[in-house]
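Containing mmCIF, C-alpha atoms: work-v5.cif.
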data_query
#
loop_
_atom_site.label_atom_id
_atom_site.label_comp_id
_atom_site.auth_asym_id
_atom_site.auth_seq_id
_atom_site.Cartn_x
_atom_site.Cartn_y
_atom_site.Cartn_z
CA MET A 18 -90.86 -39.61 56.81
CA LYS A 19 -91.87 -36.75 59.11
CA TYR A 20 -89.12 -34.30 58.19
CA PHE A 21 -86.72 -33.71 55.31
CA ASN A 22 -83.38 -32.30 56.46
CA GLU A 23 -81.05 -30.45 54.10
CA VAL A 24 -77.51 -29.96 55.38
CA LEU A 25 -75.90 -26.92 53.77
CA HIS A 26 -73.87 -26.85 51.58
CA ASP A 27 -70.89 -29.21 51.37
CA GLY A 28 -72.33 -32.70 51.37
CA ALA A 29 -70.99 -34.66 54.33
CA VAL A 30 -69.12 -31.61 55.67
CA SER A 31 -71.61 -28.97 56.80
CA HIS A 32 -71.22 -25.45 58.13
CA GLY A 33 -73.13 -26.47 61.24
CA TYR A 34 -76.28 -25.22 59.57
CA ALA A 35 -79.29 -27.02 58.11
CA GLN A 36 -82.92 -26.52 57.26
CA ARG A 37 -85.84 -28.84 57.96
CA PHE A 38 -89.08 -29.26 56.03
CA GLU A 39 -92.11 -30.85 57.62
CA VAL A 40 -93.24 -33.58 55.22
CA SER A 41 -96.97 -34.04 54.80
CA ARG A 42 -96.51 -36.85 52.28
CA VAL A 43 -93.75 -38.38 50.18
CA VAL A 44 -95.07 -38.22 46.63
CA TYR A 45 -92.21 -40.11 44.96
CA ARG A 46 -88.74 -41.32 45.86
CA ASN A 47 -86.26 -43.39 43.89
CA LYS A 48 -82.78 -43.36 42.41
CA THR A 49 -82.57 -42.36 38.77
CA ASP A 50 -79.62 -43.32 36.57
CA PHE A 51 -77.84 -40.21 37.84
CA GLN A 52 -79.10 -39.11 41.26
CA ASP A 53 -81.39 -39.69 44.22
CA LEU A 54 -84.72 -37.97 43.57
CA ILE A 55 -87.51 -37.19 46.00
CA ILE A 56 -90.71 -35.17 45.61
CA PHE A 57 -92.60 -34.46 48.82
CA GLU A 58 -95.46 -32.27 50.02
CA THR A 59 -95.11 -29.67 52.77
CA PRO A 60 -97.62 -27.46 54.60
CA HIS A 61 -95.98 -24.19 53.49
CA PHE A 62 -93.92 -24.74 50.33
CA GLY A 63 -96.28 -27.10 48.53
CA ARG A 64 -94.51 -29.83 46.60
CA VAL A 65 -90.72 -29.82 46.78
CA LEU A 66 -88.12 -31.45 44.52
CA ALA A 67 -84.75 -32.51 45.97
CA LEU A 68 -81.85 -34.22 44.20
CA ASP A 69 -79.11 -35.95 46.17
CA GLY A 70 -80.46 -34.37 49.34
CA ILE A 71 -80.34 -30.79 47.99
CA ILE A 72 -83.48 -28.70 47.45
CA GLN A 73 -83.92 -27.86 43.78
CA THR A 74 -87.28 -26.12 43.67
CA THR A 75 -90.55 -25.65 45.53
CA GLU A 76 -93.97 -24.74 44.23
CA ARG A 77 -94.18 -21.72 46.54
CA ASP A 78 -91.00 -19.80 45.67
CA GLU A 79 -89.75 -21.19 42.34
CA PHE A 80 -90.67 -17.99 40.51
CA ALA A 81 -87.94 -16.00 42.28
CA TYR A 82 -85.34 -18.25 40.68
CA HIS A 83 -86.83 -19.11 37.29
CA GLU A 84 -87.93 -15.56 36.45
CA MET A 85 -84.54 -14.06 37.21
CA LEU A 86 -82.56 -16.76 35.45
CA ALA A 87 -84.64 -16.33 32.28
CA HIS A 88 -85.84 -12.73 32.04
CA VAL A 89 -82.63 -10.89 32.94
CA PRO A 90 -80.63 -12.20 29.96
CA LEU A 91 -83.56 -12.24 27.54
CA PHE A 92 -84.67 -8.66 28.23
CA ALA A 93 -81.04 -7.50 28.37
CA HIS A 94 -80.40 -8.98 24.94
CA GLY A 95 -83.47 -7.29 23.51
CA GLU A 96 -84.10 -9.54 20.51
CA PRO A 97 -83.38 -13.15 21.45
CA ALA A 98 -84.51 -15.61 18.80
CA ARG A 99 -82.73 -18.84 19.74
CA VAL A 100 -82.26 -19.83 23.39
CA LEU A 101 -80.41 -22.83 24.82
CA ILE A 102 -81.18 -24.17 28.30
CA ILE A 103 -78.74 -26.63 29.85
CA GLY A 104 -80.40 -28.59 32.68
CA GLY A 105 -83.63 -27.27 34.12
CA GLY A 106 -85.47 -30.59 33.99
CA ASP A 107 -88.33 -29.26 36.10
CA GLY A 108 -89.32 -27.00 33.18
CA GLY A 109 -89.53 -23.73 35.09
CA VAL A 110 -86.92 -21.88 33.05
CA LEU A 111 -88.37 -23.26 29.81
CA ARG A 112 -91.78 -21.92 30.86
CA GLU A 113 -90.40 -18.43 31.42
CA VAL A 114 -88.31 -18.41 28.22
CA LEU A 115 -91.35 -19.31 26.14
CA ARG A 116 -93.23 -16.30 27.47
CA HIS A 117 -90.92 -14.31 25.20
CA ASP A 118 -91.32 -14.08 21.43
CA VAL A 119 -88.48 -16.51 20.73
CA GLU A 120 -88.21 -18.74 17.68
CA THR A 121 -86.86 -21.80 19.48
CA ALA A 122 -85.96 -22.87 23.00
CA THR A 123 -83.66 -25.88 22.99
CA MET A 124 -83.46 -27.66 26.36
CA VAL A 125 -80.73 -30.20 27.04
CA GLU A 126 -81.31 -32.32 30.16
CA ILE A 127 -79.25 -35.37 31.11
CA ASP A 128 -81.88 -37.05 33.30
CA ARG A 129 -85.19 -37.82 31.58
CA THR A 130 -86.65 -39.07 34.85
CA VAL A 131 -86.51 -35.54 36.29
CA VAL A 132 -88.50 -34.22 33.33
CA ASP A 133 -91.06 -37.03 33.42
CA LEU A 134 -91.66 -36.91 37.17
CA CYS A 135 -91.90 -33.12 37.33
CA ARG A 136 -94.40 -33.16 34.48
CA GLU A 137 -96.43 -35.78 36.35
CA TYR A 138 -96.18 -34.58 39.95
CA MET A 139 -95.33 -30.86 39.67
CA PRO A 140 -96.97 -29.84 36.36
CA GLY A 141 -97.34 -26.20 37.35
CA LEU A 142 -93.58 -25.73 37.05
CA SER A 143 -93.57 -26.25 33.29
CA ASP A 144 -97.21 -25.17 32.79
CA GLY A 145 -97.43 -26.82 29.37
CA ALA A 146 -94.05 -25.54 28.14
CA PHE A 147 -92.89 -28.97 26.97
CA ASP A 148 -95.85 -29.09 24.57
CA ASP A 149 -95.04 -25.72 22.99
CA PRO A 150 -93.98 -26.24 19.34
CA ARG A 151 -91.03 -23.89 19.89
CA ALA A 152 -89.60 -26.19 22.58
CA ASP A 153 -87.00 -28.77 21.57
CA LEU A 154 -86.19 -31.19 24.41
CA LEU A 155 -83.00 -33.23 24.04
CA ILE A 156 -82.10 -35.90 26.60
CA THR A 157 -78.32 -35.90 26.52
CA ASP A 158 -75.21 -34.63 28.28
CA GLY A 159 -75.08 -30.81 28.15
CA LEU A 160 -71.28 -30.82 28.15
CA LYS A 161 -71.24 -33.11 25.12
CA PHE A 162 -73.96 -31.14 23.35
CA VAL A 163 -72.23 -27.76 23.44
CA ALA A 164 -68.92 -29.38 22.45
CA GLU A 165 -70.38 -31.05 19.38
CA THR A 166 -73.31 -28.98 18.09
CA GLN A 167 -72.91 -26.49 15.27
CA GLN A 168 -76.01 -24.54 16.31
CA THR A 169 -75.66 -21.03 17.70
CA PHE A 170 -77.81 -19.24 20.25
CA ASP A 171 -78.47 -15.68 21.38
CA VAL A 172 -78.78 -16.67 25.04
CA ILE A 173 -77.52 -19.75 26.91
CA ILE A 174 -79.00 -20.45 30.35
CA VAL A 175 -77.27 -23.02 32.56
CA ASP A 176 -79.84 -24.18 35.11
CA SER A 177 -77.60 -26.73 36.80
CA THR A 178 -77.41 -28.40 40.17
CA ASP A 179 -74.48 -27.49 42.43
CA PRO A 180 -70.99 -28.54 41.24
CA VAL A 181 -71.29 -32.09 42.54
CA GLY A 182 -72.45 -35.24 40.77
CA PRO A 183 -73.70 -34.83 37.17
CA GLY A 184 -73.65 -31.02 37.44
CA GLU A 185 -69.96 -30.69 38.27
CA VAL A 186 -68.73 -30.53 34.65
CA LEU A 187 -71.06 -27.58 33.98
CA PHE A 188 -68.75 -25.36 36.07
CA SER A 189 -65.57 -26.16 34.11
CA GLU A 190 -63.55 -23.79 31.96
CA ALA A 191 -63.83 -26.20 29.02
CA PHE A 192 -67.63 -26.07 29.22
CA TYR A 193 -67.62 -22.26 29.36
CA ALA A 194 -65.30 -22.15 26.34
CA ASP A 195 -67.66 -24.34 24.34
CA CYS A 196 -70.61 -22.16 25.37
CA LYS A 197 -68.71 -19.13 24.08
CA LYS A 198 -68.35 -20.81 20.68
CA ARG A 199 -72.10 -21.46 20.55
CA LEU A 200 -73.11 -17.82 21.21
CA THR A 201 -73.98 -15.37 18.46
CA PRO A 202 -72.21 -11.96 18.54
CA GLY A 203 -73.55 -10.05 21.55
CA GLY A 204 -74.87 -13.28 23.06
CA ILE A 205 -75.24 -13.82 26.80
CA LEU A 206 -74.44 -16.78 29.05
CA VAL A 207 -76.01 -16.99 32.51
CA THR A 208 -75.39 -19.66 35.14
CA GLN A 209 -76.57 -20.88 38.54
CA ASN A 210 -73.79 -20.07 41.01
CA GLY A 211 -75.03 -20.88 44.48
CA VAL A 212 -75.36 -18.91 47.71
CA PRO A 213 -72.25 -16.75 48.28
CA SER A 214 -72.58 -16.79 52.08
CA PHE A 215 -71.80 -20.51 52.00
CA GLN A 216 -70.44 -21.13 48.51
CA GLY A 217 -68.04 -18.25 48.00
CA ASP A 218 -65.49 -20.45 46.25
CA GLU A 219 -68.10 -21.30 43.65
CA VAL A 220 -68.48 -17.63 42.78
CA THR A 221 -64.72 -17.01 42.74
CA ASN A 222 -63.93 -20.07 40.63
CA SER A 223 -66.68 -19.34 38.12
CA TYR A 224 -65.57 -15.72 37.85
CA ARG A 225 -62.02 -16.76 37.01
CA ARG A 226 -63.06 -19.42 34.53
CA LEU A 227 -65.61 -17.23 32.78
CA SER A 228 -63.21 -14.28 32.66
CA SER A 229 -60.77 -16.35 30.62
CA GLN A 230 -63.43 -16.60 27.90
CA PHE A 231 -65.58 -13.45 28.04
CA ALA A 232 -64.87 -9.72 28.04
CA ASP A 233 -67.55 -8.86 30.61
CA VAL A 234 -68.19 -11.17 33.57
CA SER A 235 -70.14 -10.48 36.73
CA PHE A 236 -73.01 -11.80 38.83
CA TYR A 237 -76.52 -10.67 39.62
CA LEU A 238 -78.67 -11.59 42.60
CA THR A 239 -81.99 -13.06 43.56
CA VAL A 240 -83.44 -14.26 46.87
CA VAL A 241 -85.15 -17.65 47.03
CA PRO A 242 -86.37 -18.49 50.55
CA SER A 243 -85.86 -22.24 50.21
CA TYR A 244 -82.24 -21.71 49.07
CA VAL A 245 -81.12 -20.94 52.59
CA GLY A 246 -78.28 -18.51 53.13
CA GLY A 247 -79.46 -15.19 51.73
CA PHE A 248 -78.63 -13.93 48.26
CA MET A 249 -78.29 -16.40 45.40
CA ALA A 250 -75.71 -15.51 42.75
CA LEU A 251 -76.41 -15.97 39.05
CA GLY A 252 -73.42 -15.76 36.74
CA TRP A 253 -73.34 -13.35 33.81
CA ALA A 254 -70.94 -13.49 30.84
CA THR A 255 -70.91 -11.71 27.49
CA ASP A 256 -68.56 -9.80 25.20
CA ASP A 257 -70.87 -6.78 25.09
CA ALA A 258 -70.28 -4.89 28.35
CA ALA A 259 -73.07 -2.41 27.59
CA LEU A 260 -75.70 -5.09 28.12
CA ARG A 261 -74.98 -5.37 31.84
CA VAL A 262 -75.31 -1.66 32.64
CA GLN A 263 -78.69 -1.02 31.04
CA THR A 264 -81.01 1.03 33.20
CA GLN A 265 -84.58 0.51 34.30
CA ALA A 266 -85.59 2.97 31.57
CA ASP A 267 -83.76 0.88 28.95
CA ILE A 268 -85.47 -2.35 29.98
CA ALA A 269 -88.98 -1.04 30.72
CA PRO A 270 -90.23 -0.69 27.11
CA ARG A 271 -89.21 -4.28 26.33
CA PHE A 272 -90.93 -5.59 29.44
CA GLU A 273 -94.10 -3.63 28.75
CA GLY A 274 -94.07 -4.77 25.13
CA ALA A 275 -93.82 -8.41 26.17
CA GLY A 276 -97.22 -8.09 27.82
CA PHE A 277 -96.97 -10.64 30.61
CA ALA A 278 -97.07 -10.35 34.39
CA THR A 279 -94.32 -11.49 36.76
CA ARG A 280 -94.10 -12.17 40.49
CA TYR A 281 -90.45 -11.24 41.14
CA TYR A 282 -88.84 -9.77 38.03
CA THR A 283 -89.37 -6.13 37.05
CA PRO A 284 -87.18 -3.69 35.10
CA ALA A 285 -86.27 -2.02 38.42
CA VAL A 286 -85.30 -5.36 39.97
CA HIS A 287 -83.35 -6.20 36.81
CA ALA A 288 -81.16 -3.10 37.07
CA ALA A 289 -80.72 -3.36 40.84
CA ALA A 290 -79.79 -7.07 40.76
CA PHE A 291 -76.34 -6.24 39.36
CA ALA A 292 -75.46 -4.07 42.39
CA LEU A 293 -73.32 -6.42 44.47
CA PRO A 294 -72.82 -5.97 48.24
CA PRO A 295 -69.13 -5.61 49.12
CA PHE A 296 -68.86 -9.09 50.63
CA ILE A 297 -69.90 -10.58 47.29
CA ALA A 298 -67.89 -8.13 45.17
CA GLU A 299 -64.81 -9.19 47.15
CA LEU A 300 -65.23 -12.71 45.81
CA LEU A 301 -64.58 -11.41 42.30
CA LYS A 302 -61.07 -10.24 43.19
#
Kindly return the structure encoded in the file as structure tokens.
Amino acid sequence: MKYFNEVLHDGAVSHGYAQRFEVSRVVYRNKTDFQDLIIFETPHFGRVLALDGIIQTTERDEFAYHEMLAHVPLFAHGEPARVLIIGGGDGGVLREVLRHDVETATMVEIDRTVVDLCREYMPGLSDGAFDDPRADLLITDGLKFVAETQQTFDVIIVDSTDPVGPGEVLFSEAFYADCKKRLTPGGILVTQNGVPSFQGDEVTNSYRRLSSQFADVSFYLTVVPSYVGGFMALGWATDDAALRVQTQADIAPRFEGAGFATRYYTPAVHAAAFALPPFIAELLK
């Protein structure tokens, strides 16, 4: 394989737009019980993970996604003790969550093969997080877990694939309703919601479904170069509207007290990420 081509973003029906990665070497490729998985090396992005032909993460720019998905809700909450991660088999979100002083980080991933292969071939993504005694890895269906567990969490992070294949149910109103039941008072749910330039319906549909369950629903933004199409939207849902409008000055003492360095996230970026350009804000109407 000389090149890996990703056609964006609707499976067999594209927008006439694609990206191509030069492949130095295919590290691993096979079908798991749930999806087609490939890990390959590139000259610029390092090792890259793709599932069902869609780029999931690269060694070069993963921090822009994982830091924002984890640190925005955790620093906004202020005192998160119990965190639930749905998906995220590569371990990047778990790594960032465990940089906080949390009691437990429960991770529910449906596909053990993703976890095992990322630990073997892309170990920097998790950076030892799976061996942290605070981490509790469960290999099961995230939809089933939130419907049946009696545990509650301060923050729930849904690090899912796009709403196709095994990730589709994680964008349903029933799933969001069960997440709401699993949150403590003042808890926060955040979700992966695609690239609005190409996946506007994903933002609109998630906004409507989340709004039926939560008092305050919006999106915040990050930019991940390998997620082609510009801004990436991350969903935000809570019943405490004050959490979303905290300023840089509100967040800064918590960030400084945490005592770790970041490559994308800062208190200033945190506050600014909730400012939506009009073309994205329109999708919420």
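Taking CA of Tyr244 (chain A) as the reference point, CA of His94 (chain A) is found at 27.3 Å.
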Counting all atoms listed in the file, the option among A:Ala232, A:Ala266, A:Ile72, A:Leu86 closest to Ala35 (chain A)
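Checking each candidate against Ala35 (chain A), we get A:Ile72 as the closest.
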- Message: I'd like the contact shell of Gly95 (chain A) - 12 Å cut-off, all atoms listed in the file, skipping same-chain residues fewer than 3 positions apart - returned as a count of residues only.
- Response: 24
- Task: Please indicate the distance in Å from CA of Thr283 (chain A) to CA of Met85 (chain A), rounded to one decimal place.
- Result: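 According to the coordinates, CA of Thr283 (chain A) and CA of Met85 (chain A) are separated by 9.3 Å.
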Quick one: residues within 7 Å of region 289-295 of chain A, all atoms listed in the file counted, chain neighbours fewer than 5 positions away excluded, as a PDB file with C-alpha atoms, in the frame of the given file?
ATOM      1  CA  PHE A 236     -73.010 -11.800  38.830  1.00  0.00           C
ATOM      2  CA  TYR A 237     -76.520 -10.670  39.620  1.00  0.00           C
ATOM      3  CA  LEU A 238     -78.670 -11.590  42.600  1.00  0.00           C
ATOM      4  CA  THR A 239     -81.990 -13.060  43.560  1.00  0.00           C
TER       5      THR A 239
END
ask   = Which residues match the PyMOL selection byres ((chain A and resi 19) around 12) in the file above, as a list in words?
value =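 Applied to this file, the PyMOL selection byres ((chain A and resi 19) around 12) selects Met18, Tyr20, Phe21, Asn22, Arg37, Phe38, Glu39, Val40, Ser41, Arg42, Val43, Phe57, Glu58, Thr59 and Pro60 of chain A.
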Going by the chain IDs and residue numbers used in this file, which residues fall under the PyMOL selection byres ((chain A and resi 158) around 10)? Write them as a PyMOL selection string.
chain A and resi 103-104+125-128+155-157+159-163+183-184+186-187
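If you count only C-alpha atoms and ignore residues fewer than 6 places along the chain from Gln168 (chain A), what sits within 12 Å of it is Arg99, Val100, Leu101, Thr121, Thr123, Phe162, Asp195, Cys196, Lys197, Lys198, Arg199, Leu200 and Thr201 of chain A.
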Please dump the current selection as an mmCIF file, in the coordinates of the input; keep C-alpha atoms.
data_model
loop_
_atom_site.group_PDB
_atom_site.id
_atom_site.type_symbol
_atom_site.label_atom_id
_atom_site.label_comp_id
_atom_site.auth_asym_id
_atom_site.auth_seq_id
_atom_site.Cartn_x
_atom_site.Cartn_y
_atom_site.Cartn_z
ATOM 1 C CA ARG A 99 -82.730 -18.840 19.740
ATOM 2 C CA VAL A 100 -82.260 -19.830 23.390
ATOM 3 C CA LEU A 101 -80.410 -22.830 24.820
ATOM 4 C CA THR A 121 -86.860 -21.800 19.480
ATOM 5 C CA THR A 123 -83.660 -25.880 22.990
ATOM 6 C CA PHE A 162 -73.960 -31.140 23.350
ATOM 7 C CA ASP A 195 -67.660 -24.340 24.340
ATOM 8 C CA CYS A 196 -70.610 -22.160 25.370
ATOM 9 C CA LYS A 197 -68.710 -19.130 24.080
ATOM 10 C CA LYS A 198 -68.350 -20.810 20.680
ATOM 11 C CA ARG A 199 -72.100 -21.460 20.550
ATOM 12 C CA LEU A 200 -73.110 -17.820 21.210
ATOM 13 C CA THR A 201 -73.980 -15.370 18.460
#
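Compared by their closest atoms to Val262 (chain A), and using only C-alpha atoms, the residues A:Ile102, A:Ala288, A:Ile71, A:Ala278 rank with A:Ala288 nearest.
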Q | Residues near Leu301 (chain A), cut-off 8 Å, all atoms listed in the file, skip fewer than 5 positions along chain, as number ranges by chain | A | A: 220-221, 224-225, 235
For CA of Glu219 (chain A) and CA of Leu154 (chain A), the interatomic separation in Å (one decimal):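 We find that CA of Glu219 (chain A) and CA of Leu154 (chain A) lie 28.2 Å from each other.
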What would region 123-148 of chain A look like with N, CA and C atoms in place, written as a PDB file, in the coordinates of the input?
ATOM      1  N   THR A 123     -84.231 -24.539  22.937  1.00  0.00           N
ATOM      2  CA  THR A 123     -83.660 -25.880  22.990  1.00  0.00           C
ATOM      3  C   THR A 123     -83.262 -26.177  24.428  1.00  0.00           C
ATOM      4  N   MET A 124     -83.767 -27.282  24.980  1.00  0.00           N
ATOM      5  CA  MET A 124     -83.460 -27.660  26.360  1.00  0.00           C
ATOM      6  C   MET A 124     -82.739 -28.989  26.359  1.00  0.00           C
ATOM      7  N   VAL A 125     -81.558 -29.004  26.982  1.00  0.00           N
ATOM      8  CA  VAL A 125     -80.730 -30.200  27.040  1.00  0.00           C
ATOM      9  C   VAL A 125     -80.643 -30.652  28.498  1.00  0.00           C
ATOM     10  N   GLU A 126     -81.237 -31.789  28.788  1.00  0.00           N
ATOM     11  CA  GLU A 126     -81.310 -32.320  30.160  1.00  0.00           C
ATOM     12  C   GLU A 126     -80.771 -33.746  30.155  1.00  0.00           C
ATOM     13  N   ILE A 127     -79.881 -34.054  31.087  1.00  0.00           N
ATOM     14  CA  ILE A 127     -79.250 -35.370  31.110  1.00  0.00           C
ATOM     15  C   ILE A 127     -80.146 -36.454  31.688  1.00  0.00           C
ATOM     16  N   ASP A 128     -81.102 -36.079  32.539  1.00  0.00           N
ATOM     17  CA  ASP A 128     -81.880 -37.050  33.300  1.00  0.00           C
ATOM     18  C   ASP A 128     -83.358 -36.964  32.922  1.00  0.00           C
ATOM     19  N   ARG A 129     -83.792 -37.855  32.026  1.00  0.00           N
ATOM     20  CA  ARG A 129     -85.190 -37.820  31.580  1.00  0.00           C
ATOM     21  C   ARG A 129     -86.163 -38.022  32.728  1.00  0.00           C
ATOM     22  N   THR A 130     -85.750 -38.785  33.738  1.00  0.00           N
ATOM     23  CA  THR A 130     -86.650 -39.070  34.850  1.00  0.00           C
ATOM     24  C   THR A 130     -87.073 -37.784  35.553  1.00  0.00           C
ATOM     25  N   VAL A 131     -86.159 -36.814  35.665  1.00  0.00           N
ATOM     26  CA  VAL A 131     -86.510 -35.540  36.290  1.00  0.00           C
ATOM     27  C   VAL A 131     -87.619 -34.860  35.502  1.00  0.00           C
ATOM     28  N   VAL A 132     -87.473 -34.834  34.190  1.00  0.00           N
ATOM     29  CA  VAL A 132     -88.500 -34.220  33.330  1.00  0.00           C
ATOM     30  C   VAL A 132     -89.836 -34.941  33.503  1.00  0.00           C
ATOM     31  N   ASP A 133     -89.813 -36.258  33.383  1.00  0.00           N
ATOM     32  CA  ASP A 133     -91.060 -37.030  33.420  1.00  0.00           C
ATOM     33  C   ASP A 133     -91.774 -36.892  34.766  1.00  0.00           C
ATOM     34  N   LEU A 134     -91.023 -36.966  35.861  1.00  0.00           N
ATOM     35  CA  LEU A 134     -91.660 -36.910  37.170  1.00  0.00           C
ATOM     36  C   LEU A 134     -92.155 -35.512  37.506  1.00  0.00           C
ATOM     37  N   CYS A 135     -91.419 -34.483  37.085  1.00  0.00           N
ATOM     38  CA  CYS A 135     -91.900 -33.120  37.330  1.00  0.00           C
ATOM     39  C   CYS A 135     -93.148 -32.831  36.489  1.00  0.00           C
ATOM     40  N   ARG A 136     -93.190 -33.340  35.288  1.00  0.00           N
ATOM     41  CA  ARG A 136     -94.400 -33.160  34.480  1.00  0.00           C
ATOM     42  C   ARG A 136     -95.588 -33.870  35.119  1.00  0.00           C
ATOM     43  N   GLU A 137     -95.344 -35.008  35.749  1.00  0.00           N
ATOM     44  CA  GLU A 137     -96.430 -35.780  36.350  1.00  0.00           C
ATOM     45  C   GLU A 137     -96.851 -35.233  37.706  1.00  0.00           C
ATOM     46  N   TYR A 138     -95.871 -34.900  38.564  1.00  0.00           N
ATOM     47  CA  TYR A 138     -96.180 -34.580  39.950  1.00  0.00           C
ATOM     48  C   TYR A 138     -96.077 -33.095  40.297  1.00  0.00           C
ATOM     49  N   MET A 139     -95.421 -32.295  39.440  1.00  0.00           N
ATOM     50  CA  MET A 139     -95.330 -30.860  39.670  1.00  0.00           C
ATOM     51  C   MET A 139     -95.587 -30.133  38.354  1.00  0.00           C
ATOM     52  N   PRO A 140     -96.728 -30.360  37.711  1.00  0.00           N
ATOM     53  CA  PRO A 140     -96.970 -29.840  36.360  1.00  0.00           C
ATOM     54  C   PRO A 140     -97.016 -28.324  36.278  1.00  0.00           C
ATOM     55  N   GLY A 141     -97.295 -27.657  37.386  1.00  0.00           N
ATOM     56  CA  GLY A 141     -97.340 -26.200  37.350  1.00  0.00           C
ATOM     57  C   GLY A 141     -95.997 -25.574  37.058  1.00  0.00           C
ATOM     58  N   LEU A 142     -94.918 -26.284  37.310  1.00  0.00           N
ATOM     59  CA  LEU A 142     -93.580 -25.730  37.050  1.00  0.00           C
ATOM     60  C   LEU A 142     -93.379 -25.476  35.555  1.00  0.00           C
ATOM     61  N   SER A 143     -93.743 -26.433  34.741  1.00  0.00           N
ATOM     62  CA  SER A 143     -93.570 -26.250  33.290  1.00  0.00           C
ATOM     63  C   SER A 143     -94.808 -25.628  32.648  1.00  0.00           C
ATOM     64  N   ASP A 144     -95.980 -25.815  33.236  1.00  0.00           N
ATOM     65  CA  ASP A 144     -97.210 -25.170  32.790  1.00  0.00           C
ATOM     66  C   ASP A 144     -97.424 -25.324  31.278  1.00  0.00           C
ATOM     67  N   GLY A 145     -97.197 -26.536  30.779  1.00  0.00           N
ATOM     68  CA  GLY A 145     -97.430 -26.820  29.370  1.00  0.00           C
ATOM     69  C   GLY A 145     -96.278 -26.479  28.449  1.00  0.00           C
ATOM     70  N   ALA A 146     -95.150 -26.006  28.986  1.00  0.00           N
ATOM     71  CA  ALA A 146     -94.050 -25.540  28.140  1.00  0.00           C
ATOM     72  C   ALA A 146     -93.482 -26.649  27.261  1.00  0.00           C
ATOM     73  N   PHE A 147     -93.449 -27.882  27.758  1.00  0.00           N
ATOM     74  CA  PHE A 147     -92.890 -28.970  26.970  1.00  0.00           C
ATOM     75  C   PHE A 147     -93.721 -29.284  25.733  1.00  0.00           C
ATOM     76  N   ASP A 148     -94.973 -28.852  25.716  1.00  0.00           N
ATOM     77  CA  ASP A 148     -95.850 -29.090  24.570  1.00  0.00           C
ATOM     78  C   ASP A 148     -95.842 -27.932  23.584  1.00  0.00           C
TER      79      ASP A 148
END
